[in-house]
$ cat entry23.csv   # CSV, N, CA and C atoms
chain,number,residue,atom,x,y,z
A,1,VAL,N,-13.4,31.6,-5.0
A,1,VAL,CA,-12.8,31.1,-3.7
A,1,VAL,C,-13.4,31.9,-2.6
A,2,GLN,N,-13.9,31.1,-1.6
A,2,GLN,CA,-14.4,31.7,-0.4
A,2,GLN,C,-13.6,31.3,0.8
A,3,LEU,N,-13.3,32.3,1.6
A,3,LEU,CA,-12.5,32.1,2.8
A,3,LEU,C,-13.3,32.2,4.1
A,4,GLN,N,-13.0,31.4,5.0
A,4,GLN,CA,-13.6,31.5,6.3
A,4,GLN,C,-12.6,31.3,7.4
A,5,ALA,N,-12.3,32.3,8.2
A,5,ALA,CA,-11.4,32.2,9.3
A,5,ALA,C,-12.1,31.9,10.6
A,6,SER,N,-11.4,31.2,11.4
A,6,SER,CA,-11.9,30.8,12.7
A,6,SER,C,-10.8,30.7,13.7
A,7,GLY,N,-11.1,30.5,15.0
A,7,GLY,CA,-10.1,30.3,16.0
A,7,GLY,C,-9.8,31.5,16.9
A,8,GLY,N,-10.4,32.6,16.6
A,8,GLY,CA,-10.2,33.8,17.4
A,8,GLY,C,-10.9,33.7,18.8
A,9,GLY,N,-10.5,34.6,19.7
A,9,GLY,CA,-11.1,34.5,21.0
A,9,GLY,C,-10.4,35.4,22.0
A,10,LEU,N,-10.6,35.2,23.2
A,10,LEU,CA,-10.0,36.0,24.3
A,10,LEU,C,-8.9,35.2,25.0
A,11,VAL,N,-7.7,35.8,25.1
A,11,VAL,CA,-6.6,35.1,25.7
A,11,VAL,C,-5.8,36.1,26.5
A,12,GLN,N,-5.2,35.6,27.6
A,12,GLN,CA,-4.3,36.5,28.4
A,12,GLN,C,-3.0,36.7,27.7
A,13,ALA,N,-2.4,37.8,28.0
A,13,ALA,CA,-1.0,38.1,27.5
A,13,ALA,C,-0.1,36.9,27.8
A,14,GLY,N,0.7,36.5,26.8
A,14,GLY,CA,1.6,35.4,27.0
A,14,GLY,C,1.0,34.1,26.5
A,15,GLY,N,-0.3,34.1,26.2
A,15,GLY,CA,-0.9,32.9,25.8
A,15,GLY,C,-0.8,32.6,24.3
A,16,SER,N,-1.5,31.6,23.8
A,16,SER,CA,-1.4,31.2,22.4
A,16,SER,C,-2.8,31.0,21.9
A,17,LEU,N,-2.9,31.2,20.6
A,17,LEU,CA,-4.1,30.9,19.8
A,17,LEU,C,-3.7,30.4,18.4
A,18,ARG,N,-4.5,29.5,17.8
A,18,ARG,CA,-4.2,29.1,16.4
A,18,ARG,C,-5.5,29.5,15.6
A,19,LEU,N,-5.2,30.3,14.6
A,19,LEU,CA,-6.3,30.7,13.7
A,19,LEU,C,-6.2,29.7,12.5
A,20,SER,N,-7.4,29.4,12.0
A,20,SER,CA,-7.5,28.6,10.8
A,20,SER,C,-8.3,29.4,9.7
A,21,CYS,N,-8.0,29.1,8.5
A,21,CYS,CA,-8.7,29.7,7.4
A,21,CYS,C,-9.0,28.7,6.3
A,22,ALA,N,-10.2,28.3,6.2
A,22,ALA,CA,-10.6,27.3,5.2
A,22,ALA,C,-11.0,27.9,3.9
A,23,ALA,N,-10.5,27.4,2.8
A,23,ALA,CA,-10.8,27.9,1.5
A,23,ALA,C,-11.6,26.9,0.7
A,24,SER,N,-12.6,27.4,0.0
A,24,SER,CA,-13.4,26.6,-0.9
A,24,SER,C,-12.7,26.6,-2.2
A,25,GLY,N,-13.1,25.7,-3.1
A,25,GLY,CA,-12.6,25.6,-4.4
A,25,GLY,C,-11.4,24.7,-4.5
A,26,ARG,N,-11.1,24.4,-5.8
A,26,ARG,CA,-10.0,23.4,-6.0
A,26,ARG,C,-8.7,24.0,-6.4
A,27,THR,N,-8.6,25.3,-6.3
A,27,THR,CA,-7.4,26.0,-6.7
A,27,THR,C,-6.5,26.5,-5.5
A,28,PHE,N,-6.8,25.9,-4.3
A,28,PHE,CA,-6.1,26.4,-3.1
A,28,PHE,C,-4.6,26.3,-3.3
A,29,GLY,N,-4.1,25.2,-3.9
A,29,GLY,CA,-2.7,25.0,-4.1
A,29,GLY,C,-2.0,26.0,-4.9
A,30,SER,N,-2.8,26.8,-5.7
A,30,SER,CA,-2.2,27.8,-6.6
A,30,SER,C,-2.2,29.2,-5.9
A,31,LEU,N,-2.7,29.3,-4.7
A,31,LEU,CA,-2.9,30.6,-4.1
A,31,LEU,C,-1.8,30.9,-3.1
A,32,VAL,N,-1.3,32.1,-3.2
A,32,VAL,CA,-0.5,32.7,-2.1
A,32,VAL,C,-1.5,33.1,-1.0
A,33,MET,N,-1.3,32.7,0.2
A,33,MET,CA,-2.2,33.0,1.3
A,33,MET,C,-1.5,34.0,2.3
A,34,GLY,N,-2.3,34.9,2.8
A,34,GLY,CA,-1.8,35.8,3.7
A,34,GLY,C,-2.8,36.0,4.9
A,35,TRP,N,-2.2,36.5,6.0
A,35,TRP,CA,-3.0,36.9,7.1
A,35,TRP,C,-2.7,38.4,7.4
A,36,PHE,N,-3.7,39.2,7.6
A,36,PHE,CA,-3.7,40.6,8.0
A,36,PHE,C,-4.5,40.8,9.2
A,37,ARG,N,-4.3,41.9,9.8
A,37,ARG,CA,-5.1,42.3,11.0
A,37,ARG,C,-5.4,43.8,11.0
A,38,GLN,N,-6.5,44.1,11.7
A,38,GLN,CA,-6.9,45.5,11.8
A,38,GLN,C,-7.4,45.7,13.2
A,39,ALA,N,-6.7,46.6,13.9
A,39,ALA,CA,-7.1,47.0,15.2
A,39,ALA,C,-8.0,48.2,15.1
A,40,PRO,N,-8.8,48.5,16.2
A,40,PRO,CA,-9.8,49.6,16.1
A,40,PRO,C,-9.1,50.9,15.8
A,41,GLY,N,-9.6,51.6,14.9
A,41,GLY,CA,-9.0,52.9,14.5
A,41,GLY,C,-7.8,52.9,13.7
A,42,LYS,N,-7.3,51.7,13.3
A,42,LYS,CA,-6.1,51.6,12.6
A,42,LYS,C,-6.3,51.0,11.2
A,43,GLU,N,-5.4,51.1,10.4
A,43,GLU,CA,-5.4,50.5,9.0
A,43,GLU,C,-5.1,49.0,9.1
A,44,ARG,N,-5.6,48.3,8.1
A,44,ARG,CA,-5.3,46.9,8.0
A,44,ARG,C,-3.8,46.7,7.8
A,45,GLU,N,-3.2,45.8,8.5
A,45,GLU,CA,-1.7,45.6,8.4
A,45,GLU,C,-1.4,44.2,8.1
A,46,PHE,N,-0.3,44.0,7.4
A,46,PHE,CA,0.2,42.7,7.1
A,46,PHE,C,0.7,42.0,8.3
A,47,VAL,N,0.4,40.7,8.4
A,47,VAL,CA,0.9,39.8,9.5
A,47,VAL,C,1.9,38.8,8.9
A,48,ALA,N,1.4,38.0,8.0
A,48,ALA,CA,2.3,36.9,7.5
A,48,ALA,C,1.7,36.4,6.1
A,49,ALA,N,2.6,35.8,5.3
A,49,ALA,CA,2.1,35.2,4.0
A,49,ALA,C,2.9,34.0,3.8
A,50,ILE,N,2.3,33.1,3.0
A,50,ILE,CA,3.0,31.8,2.7
A,50,ILE,C,2.8,31.5,1.3
A,51,ARG,N,3.9,30.9,0.7
A,51,ARG,CA,3.9,30.6,-0.7
A,51,ARG,C,3.2,29.3,-1.0
A,52,LEU,N,3.1,29.0,-2.3
A,52,LEU,CA,2.2,27.9,-2.7
A,52,LEU,C,2.6,26.5,-2.0
A,53,THR,N,3.9,26.2,-2.0
A,53,THR,CA,4.3,24.9,-1.4
A,53,THR,C,4.4,24.9,0.1
A,54,GLY,N,4.3,26.1,0.7
A,54,GLY,CA,4.4,26.2,2.1
A,54,GLY,C,5.8,26.2,2.7
A,55,ARG,N,6.8,26.2,1.8
A,55,ARG,CA,8.2,26.2,2.3
A,55,ARG,C,8.7,27.6,2.5
A,56,LEU,N,8.1,28.6,1.9
A,56,LEU,CA,8.5,30.0,2.0
A,56,LEU,C,7.5,30.9,2.7
A,57,ALA,N,7.9,31.7,3.6
A,57,ALA,CA,6.9,32.6,4.3
A,57,ALA,C,7.6,33.9,4.6
A,58,TYR,N,6.7,34.9,4.8
A,58,TYR,CA,7.2,36.2,5.3
A,58,TYR,C,6.4,36.6,6.5
A,59,TYR,N,7.0,37.4,7.3
A,59,TYR,CA,6.3,37.9,8.5
A,59,TYR,C,6.6,39.3,8.7
A,60,ALA,N,5.6,40.0,9.4
A,60,ALA,CA,5.8,41.4,9.8
A,60,ALA,C,6.8,41.3,11.0
A,61,ASP,N,7.6,42.4,11.1
A,61,ASP,CA,8.6,42.4,12.2
A,61,ASP,C,8.0,42.3,13.5
A,62,SER,N,6.8,42.8,13.7
A,62,SER,CA,6.1,42.8,15.0
A,62,SER,C,5.7,41.4,15.5
A,63,VAL,N,5.6,40.4,14.6
A,63,VAL,CA,5.2,39.1,15.0
A,63,VAL,C,6.3,38.1,14.7
A,64,LYS,N,7.4,38.4,14.1
A,64,LYS,CA,8.4,37.5,13.8
A,64,LYS,C,8.9,36.8,15.1
A,65,GLY,N,9.1,35.5,15.0
A,65,GLY,CA,9.5,34.8,16.2
A,65,GLY,C,8.4,34.3,17.1
A,66,ARG,N,7.2,34.9,17.0
A,66,ARG,CA,6.1,34.6,17.8
A,66,ARG,C,5.0,33.9,17.0
A,67,PHE,N,4.8,34.3,15.8
A,67,PHE,CA,3.7,33.7,15.0
A,67,PHE,C,4.3,32.8,13.9
A,68,THR,N,3.6,31.8,13.5
A,68,THR,CA,4.0,30.9,12.5
A,68,THR,C,2.8,30.6,11.5
A,69,ILE,N,3.0,30.9,10.2
A,69,ILE,CA,2.0,30.6,9.2
A,69,ILE,C,2.4,29.2,8.6
A,70,SER,N,1.3,28.4,8.3
A,70,SER,CA,1.5,27.2,7.7
A,70,SER,C,0.3,26.9,6.8
A,71,ARG,N,0.4,25.9,6.0
A,71,ARG,CA,-0.8,25.5,5.1
A,71,ARG,C,-0.8,24.0,4.9
A,72,ASP,N,-2.0,23.6,4.7
A,72,ASP,CA,-2.3,22.2,4.4
A,72,ASP,C,-3.1,22.2,3.1
A,73,ASN,N,-2.4,22.0,2.0
A,73,ASN,CA,-3.0,22.1,0.7
A,73,ASN,C,-4.1,20.9,0.5
A,74,ALA,N,-3.9,19.8,1.2
A,74,ALA,CA,-4.8,18.7,1.1
A,74,ALA,C,-6.2,19.1,1.7
A,75,GLU,N,-6.0,19.9,2.8
A,75,GLU,CA,-7.2,20.3,3.5
A,75,GLU,C,-7.7,21.7,3.1
A,76,ASN,N,-7.0,22.3,2.2
A,76,ASN,CA,-7.4,23.7,1.7
A,76,ASN,C,-7.5,24.7,2.9
A,77,THR,N,-6.5,24.6,3.8
A,77,THR,CA,-6.5,25.4,5.0
A,77,THR,C,-5.1,26.0,5.2
A,78,VAL,N,-5.2,27.3,5.7
A,78,VAL,CA,-4.0,27.9,6.1
A,78,VAL,C,-4.1,28.3,7.6
A,79,TYR,N,-3.1,28.2,8.3
A,79,TYR,CA,-3.1,28.4,9.8
A,79,TYR,C,-2.2,29.5,10.2
A,80,LEU,N,-2.5,30.1,11.3
A,80,LEU,CA,-1.6,31.1,12.0
A,80,LEU,C,-1.5,30.7,13.4
A,81,GLN,N,-0.4,30.2,13.8
A,81,GLN,CA,-0.1,29.8,15.2
A,81,GLN,C,0.5,31.1,15.9
A,82,MET,N,-0.2,31.6,16.9
A,82,MET,CA,0.2,32.8,17.6
A,82,MET,C,0.6,32.5,19.0
A,83,ASN,N,1.9,32.7,19.3
A,83,ASN,CA,2.4,32.4,20.7
A,83,ASN,C,2.8,33.7,21.3
A,84,SER,N,3.0,33.7,22.6
A,84,SER,CA,3.5,34.9,23.3
A,84,SER,C,2.7,36.1,23.0
A,85,LEU,N,1.4,36.0,23.0
A,85,LEU,CA,0.5,37.1,22.6
A,85,LEU,C,0.7,38.3,23.5
A,86,LYS,N,0.5,39.4,22.9
A,86,LYS,CA,0.6,40.7,23.6
A,86,LYS,C,-0.7,41.5,23.4
A,87,PRO,N,-1.0,42.4,24.3
A,87,PRO,CA,-2.2,43.2,24.1
A,87,PRO,C,-2.3,43.9,22.8
A,88,GLU,N,-1.1,44.3,22.3
A,88,GLU,CA,-1.1,45.0,21.0
A,88,GLU,C,-1.4,44.1,19.8
A,89,ASP,N,-1.5,42.8,20.1
A,89,ASP,CA,-1.9,41.9,19.0
A,89,ASP,C,-3.4,41.9,18.9
A,90,THR,N,-4.1,42.5,19.7
A,90,THR,CA,-5.6,42.6,19.7
A,90,THR,C,-6.1,43.2,18.4
A,91,ALA,N,-6.9,42.5,17.6
A,91,ALA,CA,-7.3,43.0,16.3
A,91,ALA,C,-8.3,41.9,15.7
A,92,VAL,N,-8.9,42.4,14.7
A,92,VAL,CA,-9.7,41.4,13.8
A,92,VAL,C,-8.7,40.9,12.8
A,93,TYR,N,-8.5,39.6,12.7
A,93,TYR,CA,-7.6,38.9,11.8
A,93,TYR,C,-8.3,38.4,10.6
A,94,PHE,N,-7.7,38.7,9.4
A,94,PHE,CA,-8.3,38.4,8.1
A,94,PHE,C,-7.4,37.5,7.4
A,95,CYS,N,-7.9,36.4,6.8
A,95,CYS,CA,-7.1,35.7,5.8
A,95,CYS,C,-7.4,36.2,4.4
A,96,ALA,N,-6.4,36.1,3.5
A,96,ALA,CA,-6.6,36.6,2.2
A,96,ALA,C,-5.9,35.6,1.2
A,97,ALA,N,-6.3,35.7,-0.1
A,97,ALA,CA,-5.7,34.8,-1.1
A,97,ALA,C,-5.4,35.6,-2.3
A,98,ASP,N,-4.3,35.3,-2.9
A,98,ASP,CA,-3.8,35.9,-4.2
A,98,ASP,C,-4.0,34.8,-5.2
A,99,ARG,N,-4.9,34.9,-6.1
A,99,ARG,CA,-5.2,33.8,-7.1
A,99,ARG,C,-4.2,33.7,-8.2
A,100,SER,N,-3.5,34.8,-8.5
A,100,SER,CA,-2.5,34.8,-9.6
A,100,SER,C,-1.2,35.5,-9.2
A,101,PRO,N,-0.5,34.8,-8.4
A,101,PRO,CA,0.8,35.5,-7.9
A,101,PRO,C,1.7,35.9,-9.1
A,102,THR,N,2.0,37.1,-9.1
A,102,THR,CA,2.8,37.7,-10.2
A,102,THR,C,4.2,38.0,-9.7
A,103,SER,N,4.4,37.8,-8.4
A,103,SER,CA,5.7,38.2,-7.8
A,103,SER,C,5.8,37.4,-6.5
A,104,TRP,N,6.9,37.7,-5.8
A,104,TRP,CA,7.1,37.2,-4.4
A,104,TRP,C,8.0,38.2,-3.8
A,105,GLY,N,8.1,38.1,-2.5
A,105,GLY,CA,8.9,39.1,-1.7
A,105,GLY,C,8.0,39.9,-0.8
A,106,LEU,N,8.6,40.4,0.3
A,106,LEU,CA,7.9,41.1,1.3
A,106,LEU,C,7.1,42.3,0.8
A,107,GLU,N,7.6,43.1,-0.1
A,107,GLU,CA,6.9,44.2,-0.6
A,107,GLU,C,5.7,43.8,-1.4
A,108,TYR,N,5.7,42.7,-2.0
A,108,TYR,CA,4.5,42.2,-2.8
A,108,TYR,C,3.5,41.6,-1.8
A,109,VAL,N,3.9,40.8,-0.9
A,109,VAL,CA,2.9,40.1,-0.1
A,109,VAL,C,2.3,41.0,1.0
A,110,ARG,N,2.9,42.1,1.3
A,110,ARG,CA,2.4,42.9,2.4
A,110,ARG,C,1.4,43.9,2.0
A,111,LYS,N,1.1,44.0,0.7
A,111,LYS,CA,0.1,45.0,0.2
A,111,LYS,C,-1.2,44.3,0.1
A,112,THR,N,-2.3,45.0,0.7
A,112,THR,CA,-3.6,44.5,0.6
A,112,THR,C,-4.1,44.3,-0.8
A,113,SER,N,-3.6,45.2,-1.7
A,113,SER,CA,-4.0,45.1,-3.1
A,113,SER,C,-3.5,43.9,-3.8
A,114,THR,N,-2.6,43.2,-3.3
A,114,THR,CA,-2.1,41.9,-3.9
A,114,THR,C,-3.2,40.9,-3.9
A,115,TYR,N,-4.1,40.9,-2.9
A,115,TYR,CA,-5.0,39.8,-2.7
A,115,TYR,C,-6.3,40.0,-3.3
A,116,ASP,N,-6.9,38.9,-3.9
A,116,ASP,CA,-8.1,38.9,-4.6
A,116,ASP,C,-9.3,38.6,-3.7
A,117,TYR,N,-9.1,37.7,-2.7
A,117,TYR,CA,-10.2,37.2,-1.9
A,117,TYR,C,-9.9,37.5,-0.5
A,118,TRP,N,-10.9,37.8,0.3
A,118,TRP,CA,-10.8,38.1,1.7
A,118,TRP,C,-11.9,37.3,2.5
A,119,GLY,N,-11.5,36.8,3.6
A,119,GLY,CA,-12.5,36.3,4.5
A,119,GLY,C,-13.1,37.3,5.4
A,120,PRO,N,-14.1,37.0,6.2
A,120,PRO,CA,-14.8,38.0,7.0
A,120,PRO,C,-14.1,38.4,8.3
A,121,GLY,N,-13.0,37.7,8.7
A,121,GLY,CA,-12.3,38.1,9.9
A,121,GLY,C,-12.7,37.3,11.1
A,122,THR,N,-11.8,37.2,12.0
A,122,THR,CA,-12.0,36.6,13.3
A,122,THR,C,-11.3,37.5,14.4
A,123,LEU,N,-12.0,37.8,15.5
A,123,LEU,CA,-11.5,38.7,16.5
A,123,LEU,C,-10.6,38.0,17.5
A,124,VAL,N,-9.5,38.6,17.7
A,124,VAL,CA,-8.5,38.1,18.7
A,124,VAL,C,-8.4,39.3,19.7
A,125,THR,N,-8.6,38.9,21.0
A,125,THR,CA,-8.5,39.9,22.1
A,125,THR,C,-7.5,39.4,23.1
A,126,VAL,N,-6.5,40.2,23.3
A,126,VAL,CA,-5.4,39.8,24.3
A,126,VAL,C,-5.5,40.7,25.5
A,127,SER,N,-5.8,40.1,26.6
A,127,SER,CA,-5.9,41.0,27.9
A,127,SER,C,-4.6,41.0,28.6
A,128,SER,N,-4.4,42.1,29.2
A,128,SER,CA,-3.1,42.3,30.0
A,128,SER,C,-3.1,41.8,31.4

$ encode --input "entry23.csv" --output "structure tokens"
Amino acid sequence: VQLQASGGGLVQAGGSLRLSCAASGRTFGSLVMGWFRQAPGKEREFVAAIRLTGRLAYYADSVKGRFTISRDNAENTVYLQMNSLKPEDTAVYFCAADRSPTSWGLEYVRKTSTYDYWGPGTLVTVSS
């Protein structure tokens, strides 16, 4: 599975962006998909994750109510709609895939070690 994220850019505080992550391969529907971000000088942190059918998702507290993760299994794509962006959302955003989900729940999906595949990341910059 190869992942390619896109949609990053420069936006003013309060604005919106939608990130996309396209996955290759025919096993997309079996993958738990996640979004993480890494700001300069900080560790990579969990943002959101979505289960196979797309009906269940988890979010970090810092983005809850502002970000929405969704997936289109027919298009092998997962999205991250980001609204009401803040300067502290500035980071490189990575999508990730768990090929063999063994569990579910926030503690499982928030760990970077859960995921087998990572995309190269897309930069989001939010100006104040």

$ atom_distance --input "entry23.csv" --atom1 "atom N of Arg110 of chain A" --atom2 "atom CA of Ala74 of chain A"
24.6 Å

$ residues_around --input "entry23.csv" --residues "segment 15-27 of chain A" --least-positions-apart "6" --cutoff "12 Å" --atoms "only C-alpha atoms" --output "ChimeraX atom specification"
/A:1-9,33-37,52,66-87,89-90,92-100,117-128

$ closest_residue --input "entry23.csv" --among "A:Glu88, A:Gly65, A:Ala39, A:Phe28" --to "Ala13 of chain A" --atoms "only C-alpha atoms"
A:Glu88

$ select_by_dssp --input "entry23.csv" --residues "chain A" --states "strand (DSSP E or B)" --output "MDAnalysis selection string"
chainID A and resid 3:6 9:12 17:23 32:38 45:50 57:59 67:72 77:82 91:98 117:118 122:127

$ atom_distance --input "entry23.csv" --atom1 "atom CA of Ala60 of chain A" --atom2 "atom CA of Ala48 of chain A"
6.1 Å

$ closest_residue --input "entry23.csv" --among "A:Pro40, A:Gln12, A:Gly29, A:Gly54" --to "Ala91 of chain A" --atoms "all atoms listed in the file"
A:Pro40

$ atom_distance --input "entry23.csv" --atom1 "atom N of Tyr59 of chain A" --atom2 "atom C of Gly41 of chain A"
22.4 Å

$ closest_residue --input "entry23.csv" --among "A:Asp116, A:Gly14, A:Phe46, A:Thr102" --to "Asp61 of chain A" --atoms "all atoms listed in the file"
A:Phe46

$ select_by_dssp --input "entry23.csv" --residues "chain A" --states "helix (DSSP H, G or I)" --output "list in words"
Phe28, Gly29, Ser30, Pro87, Glu88, Asp89, Leu106, Glu107, Tyr108, Val109, Thr112, Ser113 and Thr114 of chain A

$ build_atoms --input "entry23.csv" --residues "segment 118-128 of chain A" --atoms "all heavy atoms" --output "PDB file, keeping the file's coordinate frame"
ATOM      1  N   TRP A 118     -10.900  37.800   0.300  1.00  0.00           N
ATOM      2  CA  TRP A 118     -10.800  38.100   1.700  1.00  0.00           C
ATOM      3  C   TRP A 118     -11.900  37.300   2.500  1.00  0.00           C
ATOM      4  O   TRP A 118     -13.004  37.279   2.026  1.00  0.00           O
ATOM      5  CB  TRP A 118     -10.892  39.577   1.986  1.00  0.00           C
ATOM      6  CG  TRP A 118      -9.739  40.355   1.458  1.00  0.00           C
ATOM      7  CD1 TRP A 118      -9.567  40.812   0.189  1.00  0.00           C
ATOM      8  CD2 TRP A 118      -8.571  40.741   2.190  1.00  0.00           C
ATOM      9  NE1 TRP A 118      -8.360  41.468   0.082  1.00  0.00           N
ATOM     10  CE2 TRP A 118      -7.736  41.448   1.294  1.00  0.00           C
ATOM     11  CE3 TRP A 118      -8.156  40.568   3.506  1.00  0.00           C
ATOM     12  CZ2 TRP A 118      -6.504  41.974   1.681  1.00  0.00           C
ATOM     13  CZ3 TRP A 118      -6.930  41.093   3.887  1.00  0.00           C
ATOM     14  CH2 TRP A 118      -6.120  41.782   2.982  1.00  0.00           C
ATOM     15  N   GLY A 119     -11.500  36.800   3.600  1.00  0.00           N
ATOM     16  CA  GLY A 119     -12.500  36.300   4.500  1.00  0.00           C
ATOM     17  C   GLY A 119     -13.100  37.300   5.400  1.00  0.00           C
ATOM     18  O   GLY A 119     -12.584  38.468   5.448  1.00  0.00           O
ATOM     19  N   PRO A 120     -14.100  37.000   6.200  1.00  0.00           N
ATOM     20  CA  PRO A 120     -14.800  38.000   7.000  1.00  0.00           C
ATOM     21  C   PRO A 120     -14.100  38.400   8.300  1.00  0.00           C
ATOM     22  O   PRO A 120     -14.480  39.348   8.937  1.00  0.00           O
ATOM     23  CB  PRO A 120     -16.132  37.311   7.338  1.00  0.00           C
ATOM     24  CG  PRO A 120     -15.833  35.869   7.250  1.00  0.00           C
ATOM     25  CD  PRO A 120     -14.781  35.714   6.180  1.00  0.00           C
ATOM     26  N   GLY A 121     -13.000  37.700   8.700  1.00  0.00           N
ATOM     27  CA  GLY A 121     -12.300  38.100   9.900  1.00  0.00           C
ATOM     28  C   GLY A 121     -12.700  37.300  11.100  1.00  0.00           C
ATOM     29  O   GLY A 121     -13.860  36.925  11.253  1.00  0.00           O
ATOM     30  N   THR A 122     -11.800  37.200  12.000  1.00  0.00           N
ATOM     31  CA  THR A 122     -12.000  36.600  13.300  1.00  0.00           C
ATOM     32  C   THR A 122     -11.300  37.500  14.400  1.00  0.00           C
ATOM     33  O   THR A 122     -10.194  37.912  14.207  1.00  0.00           O
ATOM     34  CB  THR A 122     -11.567  35.166  13.406  1.00  0.00           C
ATOM     35  OG1 THR A 122     -11.933  34.588  14.656  1.00  0.00           O
ATOM     36  CG2 THR A 122     -10.064  35.029  13.209  1.00  0.00           C
ATOM     37  N   LEU A 123     -12.000  37.800  15.500  1.00  0.00           N
ATOM     38  CA  LEU A 123     -11.500  38.700  16.500  1.00  0.00           C
ATOM     39  C   LEU A 123     -10.600  38.000  17.500  1.00  0.00           C
ATOM     40  O   LEU A 123     -10.972  36.960  18.062  1.00  0.00           O
ATOM     41  CB  LEU A 123     -12.704  39.346  17.243  1.00  0.00           C
ATOM     42  CG  LEU A 123     -12.352  40.279  18.397  1.00  0.00           C
ATOM     43  CD1 LEU A 123     -11.548  41.486  17.903  1.00  0.00           C
ATOM     44  CD2 LEU A 123     -13.620  40.733  19.117  1.00  0.00           C
ATOM     45  N   VAL A 124      -9.500  38.600  17.700  1.00  0.00           N
ATOM     46  CA  VAL A 124      -8.500  38.100  18.700  1.00  0.00           C
ATOM     47  C   VAL A 124      -8.400  39.300  19.700  1.00  0.00           C
ATOM     48  O   VAL A 124      -8.034  40.394  19.376  1.00  0.00           O
ATOM     49  CB  VAL A 124      -7.150  37.800  18.106  1.00  0.00           C
ATOM     50  CG1 VAL A 124      -6.118  37.519  19.193  1.00  0.00           C
ATOM     51  CG2 VAL A 124      -7.274  36.604  17.162  1.00  0.00           C
ATOM     52  N   THR A 125      -8.600  38.900  21.000  1.00  0.00           N
ATOM     53  CA  THR A 125      -8.500  39.900  22.100  1.00  0.00           C
ATOM     54  C   THR A 125      -7.500  39.400  23.100  1.00  0.00           C
ATOM     55  O   THR A 125      -7.665  38.271  23.609  1.00  0.00           O
ATOM     56  CB  THR A 125      -9.829  40.176  22.753  1.00  0.00           C
ATOM     57  OG1 THR A 125     -10.782  40.607  21.782  1.00  0.00           O
ATOM     58  CG2 THR A 125      -9.684  41.256  23.815  1.00  0.00           C
ATOM     59  N   VAL A 126      -6.500  40.200  23.300  1.00  0.00           N
ATOM     60  CA  VAL A 126      -5.400  39.800  24.300  1.00  0.00           C
ATOM     61  C   VAL A 126      -5.500  40.700  25.500  1.00  0.00           C
ATOM     62  O   VAL A 126      -5.300  41.908  25.357  1.00  0.00           O
ATOM     63  CB  VAL A 126      -4.021  39.816  23.666  1.00  0.00           C
ATOM     64  CG1 VAL A 126      -2.970  39.289  24.649  1.00  0.00           C
ATOM     65  CG2 VAL A 126      -3.990  39.007  22.376  1.00  0.00           C
ATOM     66  N   SER A 127      -5.800  40.100  26.600  1.00  0.00           N
ATOM     67  CA  SER A 127      -5.900  41.000  27.900  1.00  0.00           C
ATOM     68  C   SER A 127      -4.600  41.000  28.600  1.00  0.00           C
ATOM     69  O   SER A 127      -3.769  40.081  28.560  1.00  0.00           O
ATOM     70  CB  SER A 127      -6.965  40.360  28.769  1.00  0.00           C
ATOM     71  OG  SER A 127      -6.593  39.061  29.194  1.00  0.00           O
ATOM     72  N   SER A 128      -4.400  42.100  29.200  1.00  0.00           N
ATOM     73  CA  SER A 128      -3.100  42.300  30.000  1.00  0.00           C
ATOM     74  C   SER A 128      -3.100  41.800  31.400  1.00  0.00           C
ATOM     75  O   SER A 128      -4.204  41.452  31.871  1.00  0.00           O
ATOM     76  CB  SER A 128      -2.721  43.817  29.964  1.00  0.00           C
ATOM     77  OG  SER A 128      -3.760  44.555  30.553  1.00  0.00           O
TER      78      SER A 128
END
